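Visitor: Data: my_file32.pdb, PDB, C-alpha atoms, pLDDT in the B column.
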MODEL        1
ATOM      1  CA  MET A  11      23.369  21.329 -14.688  1.00 74.00           C
ATOM      2  CA  LYS A  12      20.126  23.246 -15.306  1.00 76.00           C
ATOM      3  CA  ALA A  13      20.054  22.000 -18.893  1.00 76.00           C
ATOM      4  CA  ILE A  14      20.446  18.393 -17.767  1.00 82.00           C
ATOM      5  CA  ARG A  15      17.639  18.791 -15.232  1.00 85.00           C
ATOM      6  CA  SER A  16      15.398  20.138 -17.985  1.00 84.00           C
ATOM      7  CA  ILE A  17      16.093  17.117 -20.181  1.00 84.00           C
ATOM      8  CA  ILE A  18      15.523  14.747 -17.253  1.00 86.00           C
ATOM      9  CA  LYS A  19      12.163  16.378 -16.543  1.00 87.00           C
ATOM     10  CA  LYS A  20      11.136  16.287 -20.220  1.00 85.00           C
ATOM     11  CA  GLU A  21      12.131  12.646 -20.688  1.00 85.00           C
ATOM     12  CA  PHE A  22      10.640  11.553 -17.375  1.00 87.00           C
ATOM     13  CA  LEU A  23       7.264  13.125 -18.206  1.00 87.00           C
ATOM     14  CA  SER A  24       7.350  11.745 -21.742  1.00 85.00           C
ATOM     15  CA  TYR A  25       7.570   8.224 -20.312  1.00 85.00           C
ATOM     16  CA  PHE A  26       4.171   8.744 -18.714  1.00 87.00           C
ATOM     17  CA  SER A  27       2.645  10.450 -21.753  1.00 84.00           C
ATOM     18  CA  SER A  28       2.495   6.996 -23.341  1.00 81.00           C
ATOM     19  CA  PRO A  29       1.530   3.590 -21.909  1.00 86.00           C
ATOM     20  CA  ILE A  30       5.136   2.344 -21.887  1.00 86.00           C
ATOM     21  CA  ALA A  31       6.096   3.396 -18.347  1.00 87.00           C
ATOM     22  CA  TYR A  32       2.775   2.270 -16.885  1.00 91.00           C
ATOM     23  CA  ILE A  33       2.971  -1.136 -18.560  1.00 92.00           C
ATOM     24  CA  VAL A  34       6.631  -1.715 -17.656  1.00 92.00           C
ATOM     25  CA  ILE A  35       6.212  -0.643 -14.018  1.00 93.00           C
ATOM     26  CA  PHE A  36       2.950  -2.564 -13.581  1.00 94.00           C
ATOM     27  CA  THR A  37       4.374  -5.753 -15.113  1.00 94.00           C
ATOM     28  CA  PHE A  38       7.566  -5.493 -13.081  1.00 95.00           C
ATOM     29  CA  LEU A  39       5.665  -5.007  -9.815  1.00 95.00           C
ATOM     30  CA  LEU A  40       3.208  -7.776 -10.647  1.00 95.00           C
ATOM     31  CA  LEU A  41       6.001 -10.262 -11.282  1.00 95.00           C
ATOM     32  CA  SER A  42       8.093  -9.107  -8.323  1.00 94.00           C
ATOM     33  CA  GLY A  43       5.049  -9.414  -6.041  1.00 93.00           C
ATOM     34  CA  PHE A  44       4.317 -12.901  -7.338  1.00 94.00           C
ATOM     35  CA  PHE A  45       7.913 -14.055  -6.831  1.00 93.00           C
ATOM     36  CA  PHE A  46       8.119 -12.524  -3.364  1.00 92.00           C
ATOM     37  CA  TYR A  47       4.805 -14.025  -2.233  1.00 91.00           C
ATOM     38  CA  SER A  48       5.776 -17.459  -3.584  1.00 92.00           C
ATOM     39  CA  LEU A  49       9.166 -17.417  -1.853  1.00 90.00           C
ATOM     40  CA  VAL A  50       7.744 -16.216   1.462  1.00 87.00           C
ATOM     41  CA  SER A  51       5.018 -18.882   1.340  1.00 87.00           C
ATOM     42  CA  TRP A  52       7.610 -21.552   0.624  1.00 86.00           C
ATOM     43  CA  PHE A  53       9.814 -20.229   3.437  1.00 80.00           C
ATOM     44  CA  ASN A  54       6.913 -20.367   5.908  1.00 80.00           C
ATOM     45  CA  SER A  55       6.057 -23.954   4.992  1.00 81.00           C
ATOM     46  CA  VAL A  56       9.691 -25.013   5.373  1.00 74.00           C
ATOM     47  CA  SER A  57       9.929 -23.195   8.708  1.00 73.00           C
ATOM     48  CA  VAL A  58       6.874 -25.043  10.044  1.00 69.00           C
ATOM     49  CA  GLN A  59       8.329 -28.391   9.000  1.00 69.00           C
ATOM     50  CA  LEU A  60      11.747 -27.663  10.516  1.00 64.00           C
ATOM     51  CA  ALA A  61      10.323 -26.215  13.729  1.00 61.00           C
ATOM     52  CA  GLN A  62      10.158 -29.754  15.067  1.00 66.00           C
ATOM     53  CA  ASN A  63      13.933 -30.003  14.859  1.00 64.00           C
ATOM     54  CA  PRO A  64      15.621 -27.158  16.786  1.00 63.00           C
ATOM     55  CA  TYR A  65      19.021 -27.761  15.165  1.00 57.00           C
ATOM     56  CA  TYR A  66      17.807 -27.353  11.576  1.00 57.00           C
ATOM     57  CA  TYR A  67      15.405 -24.591  12.560  1.00 54.00           C
ATOM     58  CA  GLN A  68      18.312 -22.467  13.771  1.00 60.00           C
ATOM     59  CA  GLN A  69      20.000 -22.858  10.371  1.00 60.00           C
ATOM     60  CA  ILE A  70      17.130 -21.148   8.545  1.00 69.00           C
ATOM     61  CA  ASN A  71      18.211 -17.887   6.930  1.00 69.00           C
ATOM     62  CA  ILE A  72      15.546 -15.729   5.301  1.00 76.00           C
ATOM     63  CA  ASN A  73      18.146 -13.756   3.338  1.00 77.00           C
ATOM     64  CA  GLN A  74      19.474 -16.891   1.666  1.00 82.00           C
ATOM     65  CA  MET A  75      16.123 -18.628   1.223  1.00 81.00           C
ATOM     66  CA  VAL A  76      13.948 -15.665   0.197  1.00 85.00           C
ATOM     67  CA  PHE A  77      15.886 -12.560  -0.791  1.00 88.00           C
ATOM     68  CA  SER A  78      18.738 -14.185  -2.704  1.00 89.00           C
ATOM     69  CA  PRO A  79      16.442 -16.090  -5.138  1.00 90.00           C
ATOM     70  CA  PHE A  80      14.131 -13.048  -5.191  1.00 93.00           C
ATOM     71  CA  PHE A  81      16.961 -10.855  -6.483  1.00 93.00           C
ATOM     72  CA  ASN A  82      17.884 -13.463  -9.085  1.00 91.00           C
ATOM     73  CA  ASN A  83      14.286 -13.561 -10.315  1.00 93.00           C
ATOM     74  CA  LEU A  84      14.112  -9.773 -10.500  1.00 94.00           C
ATOM     75  CA  SER A  85      17.309  -9.658 -12.530  1.00 92.00           C
ATOM     76  CA  ILE A  86      15.633 -11.803 -15.203  1.00 92.00           C
ATOM     77  CA  VAL A  87      12.582  -9.519 -15.168  1.00 94.00           C
ATOM     78  CA  LEU A  88      14.854  -6.479 -15.627  1.00 94.00           C
ATOM     79  CA  LEU A  89      16.492  -8.243 -18.551  1.00 92.00           C
ATOM     80  CA  LEU A  90      13.071  -8.420 -20.194  1.00 91.00           C
ATOM     81  CA  MET A  91      11.666  -5.040 -19.124  1.00 92.00           C
ATOM     82  CA  LEU A  92      14.495  -2.515 -19.408  1.00 92.00           C
ATOM     83  CA  PRO A  93      14.941  -2.804 -23.204  1.00 92.00           C
ATOM     84  CA  LEU A  94      11.363  -1.462 -23.382  1.00 91.00           C
ATOM     85  CA  LEU A  95      12.422   1.598 -21.381  1.00 90.00           C
ATOM     86  CA  SER A  96      15.588   2.353 -23.323  1.00 87.00           C
ATOM     87  CA  MET A  97      14.231   1.690 -26.827  1.00 85.00           C
ATOM     88  CA  ARG A  98      12.507   5.079 -27.134  1.00 82.00           C
ATOM     89  CA  LEU A  99      15.279   7.351 -25.862  1.00 79.00           C
ATOM     90  CA  PHE A 100      16.688   8.240 -29.296  1.00 80.00           C
ATOM     91  CA  SER A 101      14.640   6.081 -31.661  1.00 76.00           C
ATOM     92  CA  GLU A 102      11.551   8.152 -30.949  1.00 71.00           C
ATOM     93  CA  GLU A 103      13.415  11.395 -31.722  1.00 67.00           C
ATOM     94  CA  LYS A 104      14.490  10.016 -35.088  1.00 70.00           C
ATOM     95  CA  LYS A 105      11.053   8.672 -35.952  1.00 66.00           C
ATOM     96  CA  MET A 106       9.260  11.914 -35.068  1.00 67.00           C
ATOM     97  CA  GLY A 107      11.825  14.063 -36.894  1.00 62.00           C
ATOM     98  CA  THR A 108      12.791  16.033 -33.766  1.00 62.00           C
ATOM     99  CA  GLU A 109      16.361  14.743 -33.736  1.00 62.00           C
ATOM    100  CA  GLU A 110      17.723  17.608 -35.828  1.00 62.00           C
ATOM    101  CA  LEU A 111      16.045  20.191 -33.609  1.00 61.00           C
ATOM    102  CA  LEU A 112      17.565  18.533 -30.564  1.00 63.00           C
ATOM    103  CA  PHE A 113      21.075  18.409 -32.010  1.00 64.00           C
ATOM    104  CA  THR A 114      21.004  21.990 -33.265  1.00 64.00           C
ATOM    105  CA  SER A 115      20.001  23.290 -29.832  1.00 67.00           C
ATOM    106  CA  PRO A 116      22.582  24.939 -27.521  1.00 72.00           C
ATOM    107  CA  LEU A 117      22.758  21.711 -25.537  1.00 74.00           C
ATOM    108  CA  SER A 118      25.867  19.594 -25.875  1.00 80.00           C
ATOM    109  CA  ILE A 119      25.704  15.931 -26.861  1.00 81.00           C
ATOM    110  CA  THR A 120      26.946  14.961 -23.411  1.00 84.00           C
ATOM    111  CA  GLN A 121      24.127  16.911 -21.746  1.00 84.00           C
ATOM    112  CA  ILE A 122      21.511  15.327 -24.007  1.00 85.00           C
ATOM    113  CA  ILE A 123      22.732  11.785 -23.427  1.00 87.00           C
ATOM    114  CA  THR A 124      23.209  12.311 -19.693  1.00 89.00           C
ATOM    115  CA  GLY A 125      19.717  13.769 -19.272  1.00 89.00           C
ATOM    116  CA  LYS A 126      18.026  10.957 -21.175  1.00 89.00           C
ATOM    117  CA  TYR A 127      20.032   8.294 -19.357  1.00 93.00           C
ATOM    118  CA  LEU A 128      19.347   9.739 -15.892  1.00 93.00           C
ATOM    119  CA  ALA A 129      15.619   9.919 -16.683  1.00 92.00           C
ATOM    120  CA  SER A 130      15.603   6.186 -17.457  1.00 92.00           C
ATOM    121  CA  LEU A 131      17.590   5.534 -14.269  1.00 94.00           C
ATOM    122  CA  LEU A 132      14.947   7.441 -12.321  1.00 94.00           C
ATOM    123  CA  ILE A 133      12.243   5.126 -13.678  1.00 94.00           C
ATOM    124  CA  LEU A 134      14.406   2.137 -12.709  1.00 95.00           C
ATOM    125  CA  LEU A 135      14.836   3.519  -9.193  1.00 95.00           C
ATOM    126  CA  ILE A 136      11.070   3.963  -8.817  1.00 95.00           C
ATOM    127  CA  MET A 137      10.518   0.371  -9.931  1.00 94.00           C
ATOM    128  CA  LEU A 138      13.020  -0.997  -7.420  1.00 95.00           C
ATOM    129  CA  VAL A 139      11.759   1.117  -4.513  1.00 95.00           C
ATOM    130  CA  LEU A 140       8.161   0.036  -5.129  1.00 95.00           C
ATOM    131  CA  SER A 141       9.196  -3.628  -5.386  1.00 94.00           C
ATOM    132  CA  ALA A 142      10.922  -3.372  -1.986  1.00 93.00           C
ATOM    133  CA  ILE A 143       7.777  -2.275  -0.148  1.00 92.00           C
ATOM    134  CA  PRO A 144       6.481  -5.834   0.562  1.00 89.00           C
ATOM    135  CA  ALA A 145       9.867  -6.706   2.078  1.00 88.00           C
ATOM    136  CA  VAL A 146       9.209  -4.166   4.851  1.00 86.00           C
ATOM    137  CA  PHE A 147       6.835  -6.676   6.453  1.00 85.00           C
ATOM    138  CA  THR A 148       9.609  -9.263   6.703  1.00 84.00           C
ATOM    139  CA  PHE A 149      11.580  -6.793   8.825  1.00 84.00           C
ATOM    140  CA  ILE A 150       8.531  -6.070  10.975  1.00 82.00           C
ATOM    141  CA  TYR A 151       7.596  -9.696  11.618  1.00 76.00           C
ATOM    142  CA  GLY A 152      10.926 -11.422  11.040  1.00 73.00           C
ATOM    143  CA  ASN A 153      14.641 -10.910  11.524  1.00 78.00           C
ATOM    144  CA  PRO A 154      16.388 -10.682   8.139  1.00 81.00           C
ATOM    145  CA  GLU A 155      19.751  -8.950   7.859  1.00 84.00           C
ATOM    146  CA  LEU A 156      19.497  -5.428   6.481  1.00 88.00           C
ATOM    147  CA  VAL A 157      22.941  -5.095   4.876  1.00 89.00           C
ATOM    148  CA  PRO A 158      22.648  -8.114   2.521  1.00 88.00           C
ATOM    149  CA  PHE A 159      19.178  -6.869   1.564  1.00 91.00           C
ATOM    150  CA  LEU A 160      20.500  -3.408   0.667  1.00 92.00           C
ATOM    151  CA  VAL A 161      23.493  -4.875  -1.181  1.00 92.00           C
ATOM    152  CA  GLY A 162      21.130  -7.037  -3.225  1.00 92.00           C
ATOM    153  CA  TYR A 163      19.085  -4.015  -4.273  1.00 93.00           C
ATOM    154  CA  LEU A 164      22.262  -2.092  -5.022  1.00 94.00           C
ATOM    155  CA  GLY A 165      23.209  -4.979  -7.292  1.00 92.00           C
ATOM    156  CA  LEU A 166      19.854  -4.725  -9.083  1.00 94.00           C
ATOM    157  CA  PHE A 167      20.347  -0.995  -9.589  1.00 95.00           C
ATOM    158  CA  LEU A 168      23.883  -1.426 -10.931  1.00 94.00           C
ATOM    159  CA  LEU A 169      22.717  -4.243 -13.192  1.00 93.00           C
ATOM    160  CA  GLY A 170      19.870  -2.084 -14.477  1.00 94.00           C
ATOM    161  CA  ALA A 171      22.233   0.855 -15.039  1.00 95.00           C
ATOM    162  CA  ALA A 172      24.432  -1.357 -17.213  1.00 93.00           C
ATOM    163  CA  PHE A 173      21.370  -2.642 -19.105  1.00 93.00           C
ATOM    164  CA  LEU A 174      20.179   0.897 -19.807  1.00 94.00           C
ATOM    165  CA  GLY A 175      23.663   1.948 -20.924  1.00 93.00           C
ATOM    166  CA  ILE A 176      23.580  -0.756 -23.596  1.00 93.00           C
ATOM    167  CA  GLY A 177      19.966   0.059 -24.420  1.00 92.00           C
ATOM    168  CA  ILE A 178      20.563   3.752 -25.075  1.00 92.00           C
ATOM    169  CA  PHE A 179      23.348   2.826 -27.487  1.00 91.00           C
ATOM    170  CA  TRP A 180      21.084   0.609 -29.598  1.00 90.00           C
ATOM    171  CA  SER A 181      18.378   3.275 -29.432  1.00 88.00           C
ATOM    172  CA  SER A 182      20.812   5.732 -31.025  1.00 85.00           C
ATOM    173  CA  ILE A 183      21.495   3.275 -33.856  1.00 87.00           C
ATOM    174  CA  SER A 184      17.978   2.508 -35.074  1.00 81.00           C
ATOM    175  CA  GLU A 185      14.880   4.655 -35.522  1.00 79.00           C
ATOM    176  CA  ASN A 186      12.681   1.593 -35.013  1.00 83.00           C
ATOM    177  CA  GLN A 187      11.939   1.134 -31.311  1.00 86.00           C
ATOM    178  CA  ILE A 188      11.174  -2.579 -31.663  1.00 88.00           C
ATOM    179  CA  VAL A 189      14.497  -3.172 -33.416  1.00 89.00           C
ATOM    180  CA  SER A 190      16.290  -1.257 -30.653  1.00 89.00           C
ATOM    181  CA  ALA A 191      14.563  -3.331 -27.971  1.00 89.00           C
ATOM    182  CA  VAL A 192      15.362  -6.641 -29.690  1.00 91.00           C
ATOM    183  CA  LEU A 193      19.019  -5.723 -30.235  1.00 92.00           C
ATOM    184  CA  THR A 194      19.311  -4.609 -26.618  1.00 91.00           C
ATOM    185  CA  PHE A 195      17.735  -7.817 -25.329  1.00 91.00           C
ATOM    186  CA  GLY A 196      19.960  -9.958 -27.563  1.00 91.00           C
ATOM    187  CA  THR A 197      23.120  -8.176 -26.384  1.00 89.00           C
ATOM    188  CA  LEU A 198      22.160  -8.413 -22.717  1.00 89.00           C
ATOM    189  CA  LEU A 199      21.253 -12.079 -23.044  1.00 87.00           C
ATOM    190  CA  LEU A 200      24.586 -12.793 -24.717  1.00 85.00           C
ATOM    191  CA  PHE A 201      26.555 -11.240 -21.860  1.00 81.00           C
ATOM    192  CA  TRP A 202      24.283 -12.959 -19.351  1.00 78.00           C
ATOM    193  CA  VAL A 203      25.004 -16.487 -20.630  1.00 77.00           C
ATOM    194  CA  LEU A 204      28.740 -16.025 -21.173  1.00 73.00           C
ATOM    195  CA  SER A 205      29.390 -17.817 -17.880  1.00 65.00           C
ATOM    196  CA  TRP A 206      27.589 -20.882 -19.255  1.00 66.00           C
ATOM    197  CA  VAL A 207      30.010 -20.919 -22.183  1.00 63.00           C
ATOM    198  CA  GLY A 208      32.847 -20.415 -19.701  1.00 58.00           C
ATOM    199  CA  TYR A 209      32.060 -23.747 -18.047  1.00 60.00           C
ATOM    200  CA  SER A 210      33.270 -25.570 -21.154  1.00 64.00           C
ATOM    201  CA  ALA A 211      36.313 -23.314 -21.624  1.00 59.00           C
ATOM    202  CA  HIS A 212      39.664 -23.663 -19.922  1.00 64.00           C
ATOM    203  CA  GLY A 213      42.433 -21.472 -18.577  1.00 63.00           C
ATOM    204  CA  LEU A 214      42.484 -17.817 -19.572  1.00 69.00           C
ATOM    205  CA  TRP A 215      39.370 -18.027 -21.765  1.00 68.00           C
ATOM    206  CA  GLN A 216      37.313 -19.305 -18.858  1.00 67.00           C
ATOM    207  CA  SER A 217      38.450 -16.415 -16.651  1.00 70.00           C
ATOM    208  CA  VAL A 218      37.727 -13.857 -19.371  1.00 74.00           C
ATOM    209  CA  LEU A 219      34.245 -15.214 -20.128  1.00 71.00           C
ATOM    210  CA  ASN A 220      33.343 -15.413 -16.445  1.00 69.00           C
ATOM    211  CA  TYR A 221      34.491 -11.838 -15.874  1.00 72.00           C
ATOM    212  CA  LEU A 222      32.459 -10.520 -18.819  1.00 75.00           C
ATOM    213  CA  SER A 223      29.296 -12.313 -17.704  1.00 77.00           C
ATOM    214  CA  PHE A 224      26.591 -10.276 -15.972  1.00 76.00           C
ATOM    215  CA  PHE A 225      25.591 -13.308 -13.933  1.00 79.00           C
ATOM    216  CA  GLU A 226      28.965 -13.927 -12.325  1.00 77.00           C
ATOM    217  CA  HIS A 227      29.167 -10.397 -10.910  1.00 81.00           C
ATOM    218  CA  PHE A 228      25.533 -10.278  -9.849  1.00 84.00           C
ATOM    219  CA  ASP A 229      25.567 -13.620  -8.043  1.00 83.00           C
ATOM    220  CA  SER A 230      27.829 -12.408  -5.235  1.00 84.00           C
ATOM    221  CA  LEU A 231      25.728  -9.249  -4.744  1.00 87.00           C
ATOM    222  CA  THR A 232      22.566 -11.313  -4.243  1.00 86.00           C
ATOM    223  CA  LYS A 233      24.330 -12.994  -1.329  1.00 83.00           C
ATOM    224  CA  GLY A 234      25.136  -9.664   0.291  1.00 82.00           C
ATOM    225  CA  ILE A 235      28.809  -9.699  -0.729  1.00 85.00           C
ATOM    226  CA  PHE A 236      29.939  -6.301  -1.983  1.00 85.00           C
ATOM    227  CA  ASP A 237      33.112  -6.252  -4.053  1.00 83.00           C
ATOM    228  CA  THR A 238      34.492  -3.140  -5.724  1.00 87.00           C
ATOM    229  CA  THR A 239      35.320  -5.314  -8.739  1.00 86.00           C
ATOM    230  CA  ASP A 240      31.600  -5.782  -9.355  1.00 86.00           C
ATOM    231  CA  LEU A 241      30.984  -2.040  -8.909  1.00 90.00           C
ATOM    232  CA  VAL A 242      33.709  -1.162 -11.418  1.00 90.00           C
ATOM    233  CA  TYR A 243      32.390  -3.780 -13.843  1.00 89.00           C
ATOM    234  CA  TYR A 244      28.829  -2.432 -13.977  1.00 90.00           C
ATOM    235  CA  LEU A 245      29.860   1.222 -14.018  1.00 92.00           C
ATOM    236  CA  SER A 246      32.333   0.486 -16.825  1.00 91.00           C
ATOM    237  CA  PHE A 247      29.623  -1.271 -18.819  1.00 88.00           C
ATOM    238  CA  ALA A 248      27.240   1.668 -18.389  1.00 92.00           C
ATOM    239  CA  PHE A 249      29.941   4.187 -19.280  1.00 93.00           C
ATOM    240  CA  PHE A 250      30.967   2.177 -22.336  1.00 92.00           C
ATOM    241  CA  GLY A 251      27.377   2.180 -23.583  1.00 91.00           C
ATOM    242  CA  LEU A 252      27.141   5.958 -23.087  1.00 92.00           C
ATOM    243  CA  PHE A 253      30.507   6.436 -24.803  1.00 92.00           C
ATOM    244  CA  LEU A 254      29.353   4.475 -27.853  1.00 91.00           C
ATOM    245  CA  THR A 255      26.134   6.483 -27.912  1.00 89.00           C
ATOM    246  CA  HIS A 256      28.126   9.728 -27.825  1.00 87.00           C
ATOM    247  CA  SER A 257      30.285   8.516 -30.712  1.00 88.00           C
ATOM    248  CA  VAL A 258      27.222   7.597 -32.811  1.00 84.00           C
ATOM    249  CA  ILE A 259      25.432  10.905 -32.148  1.00 82.00           C
ATOM    250  CA  GLN A 260      28.610  12.918 -32.728  1.00 79.00           C
ATOM    251  CA  SER A 261      29.220  11.314 -36.106  1.00 77.00           C
ATOM    252  CA  ARG A 262      25.608  11.867 -37.175  1.00 67.00           C
ATOM    253  CA  ARG A 263      25.434  15.429 -35.899  1.00 62.00           C
ATOM    254  CA  TRP A 264      28.160  16.665 -38.211  1.00 58.00           C
ATOM    255  CA  ARG A 265      27.119  14.898 -41.381  1.00 57.00           C
TER     256      ARG A 265
ENDMDL
END
Can I see the file as structure tokens?
Guide:
Amino acid sequence: MKAIRSIIKKEFLSYFSSPIAYIVIFTFLLLSGFFFYSLVSWFNSVSVQLAQNPYYYQQININQMVFSPFFNNLSIVLLLMLPLLSMRLFSEEKKMGTEELLFTSPLSITQIITGKYLASLLILLIMLVLSAIPAVFTFIYGNPELVPFLVGYLGLFLLGAAFLGIGIFWSSISENQIVSAVLTFGTLLLFWVLSWVGYSAHGLWQSVLNYLSFFEHFDSLTKGIFDTTDLVYYLSFAFFGLFLTHSVIQSRRWR
């Protein structure tokens, strides 16, 4: 466990030794702030218009009208941003020639991969926590439901964990960080739009495509609906990415 903590610390600090972490976090917070402000402004204008009709005014739900689309918008931003976080995890080691030193160290491959992956998850967690700060004011001045809000952020974290699992795999394949980022983005986009393809399919194929789609599992979480099927799906995706990474590193280590 001490070895993993050392790798986490090294990788976490290395993120901030270059502009990557600053740019990714700043861009993510800028976009999340813009989306949140726009949705809250729209919600306020709708509330003022519906205040004249008590029946419709009582039907207003800030979770459905603000937080649900907010989470959907953030998921798209994560799709764009997280490949930039994962692209350097192994590609940078290969480019700088430190890969051999890393693999000949007493650390196991599992410890190396776990440490690097957890460091990227820590950056993701920081991004999500900072993006949630403006929402505190909605709880101070409004009455949103807390559980759907927390489930939505849990969904973002699980989605990001799956994204990073795929990203670390592509980072272990190529020494070019840009190539790793593009391959990660392409793979994530493919699994994101599978549900669109599923609309034109029928029977078993439609069920399979919908299950494999990131969007189908994330949609229910944005509405505050927690299903263990979605949890298993995202954790399986992350684990599969880490497993493939382990297989790639293992085969290269003993060449």
Visitor: Taking the file as shown, find all residues satisfying the PyMOL selection byres ((chain A and resi 92-103) around 7) and write them as a ChimeraX atom specification.
Guide: /A:88-91,104-109,126,130,173-174,177-178,181-182,184-187,190-191,194-195
Visitor: Calculate how many Å separate CA of Phe147 in chain A from CA of Ser78 in chain A, rounding to one decimal.
Guide: 16.8 Å
Visitor: Evaluate the PyMOL selection byres ((chain A and resi 224-241) around 6) on the structure here and hand back the selected residues as a list of chain:residue names.
Guide: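 So the PyMOL selection byres ((chain A and resi 224-241) around 6), applied here, picks out A:Ser78, A:Pro158, A:Val161, A:Gly162, A:Gly165, A:Phe201, A:Trp202, A:Ser223, A:Val242, A:Tyr243, A:Tyr244.
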Visitor: Given the PyMOL selection byres ((chain A and resi 77) around 10) and the file above, list the residues it selects as a list in words.
Guide: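 Checking the PyMOL selection byres ((chain A and resi 77) around 10) against this file, the residues are Phe46, Leu49, Val50, Asn71, Ile72, Asn73, Gln74, Met75, Val76, Ser78, Pro79, Phe80, Phe81, Asn82, Asn83, Ala145, Pro154, Pro158, Phe159, Gly162, Tyr163, Thr232, Lys233 and Gly234 of chain A.
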Visitor: Which residue gives the smallest distance to Lys20 in chain A among A:Leu41, A:Leu219, A:Val87, A:Ala129, with all atoms listed in the file counted?
Guide: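 Of A:Leu41, A:Leu219, A:Val87, A:Ala129, the one nearest Lys20 in chain A is A:Ala129, counting all atoms listed in the file.
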Visitor: Between CA of Phe38 in chain A and CA of Gly170 in chain A, what is the distance in Å, rounded to a tenth?
Guide: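 A separation of 12.8 Å between them.
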Visitor: Please provide the set of residues having any atom within 6 Å of range 250-257 of chain A, restricted to all atoms listed in the file, with same-chain residues fewer than 4 positions apart removed, written as a list in words.
Guide: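 The filter keeps Gly175, Ile176, Phe179 and Ser246 of chain A.
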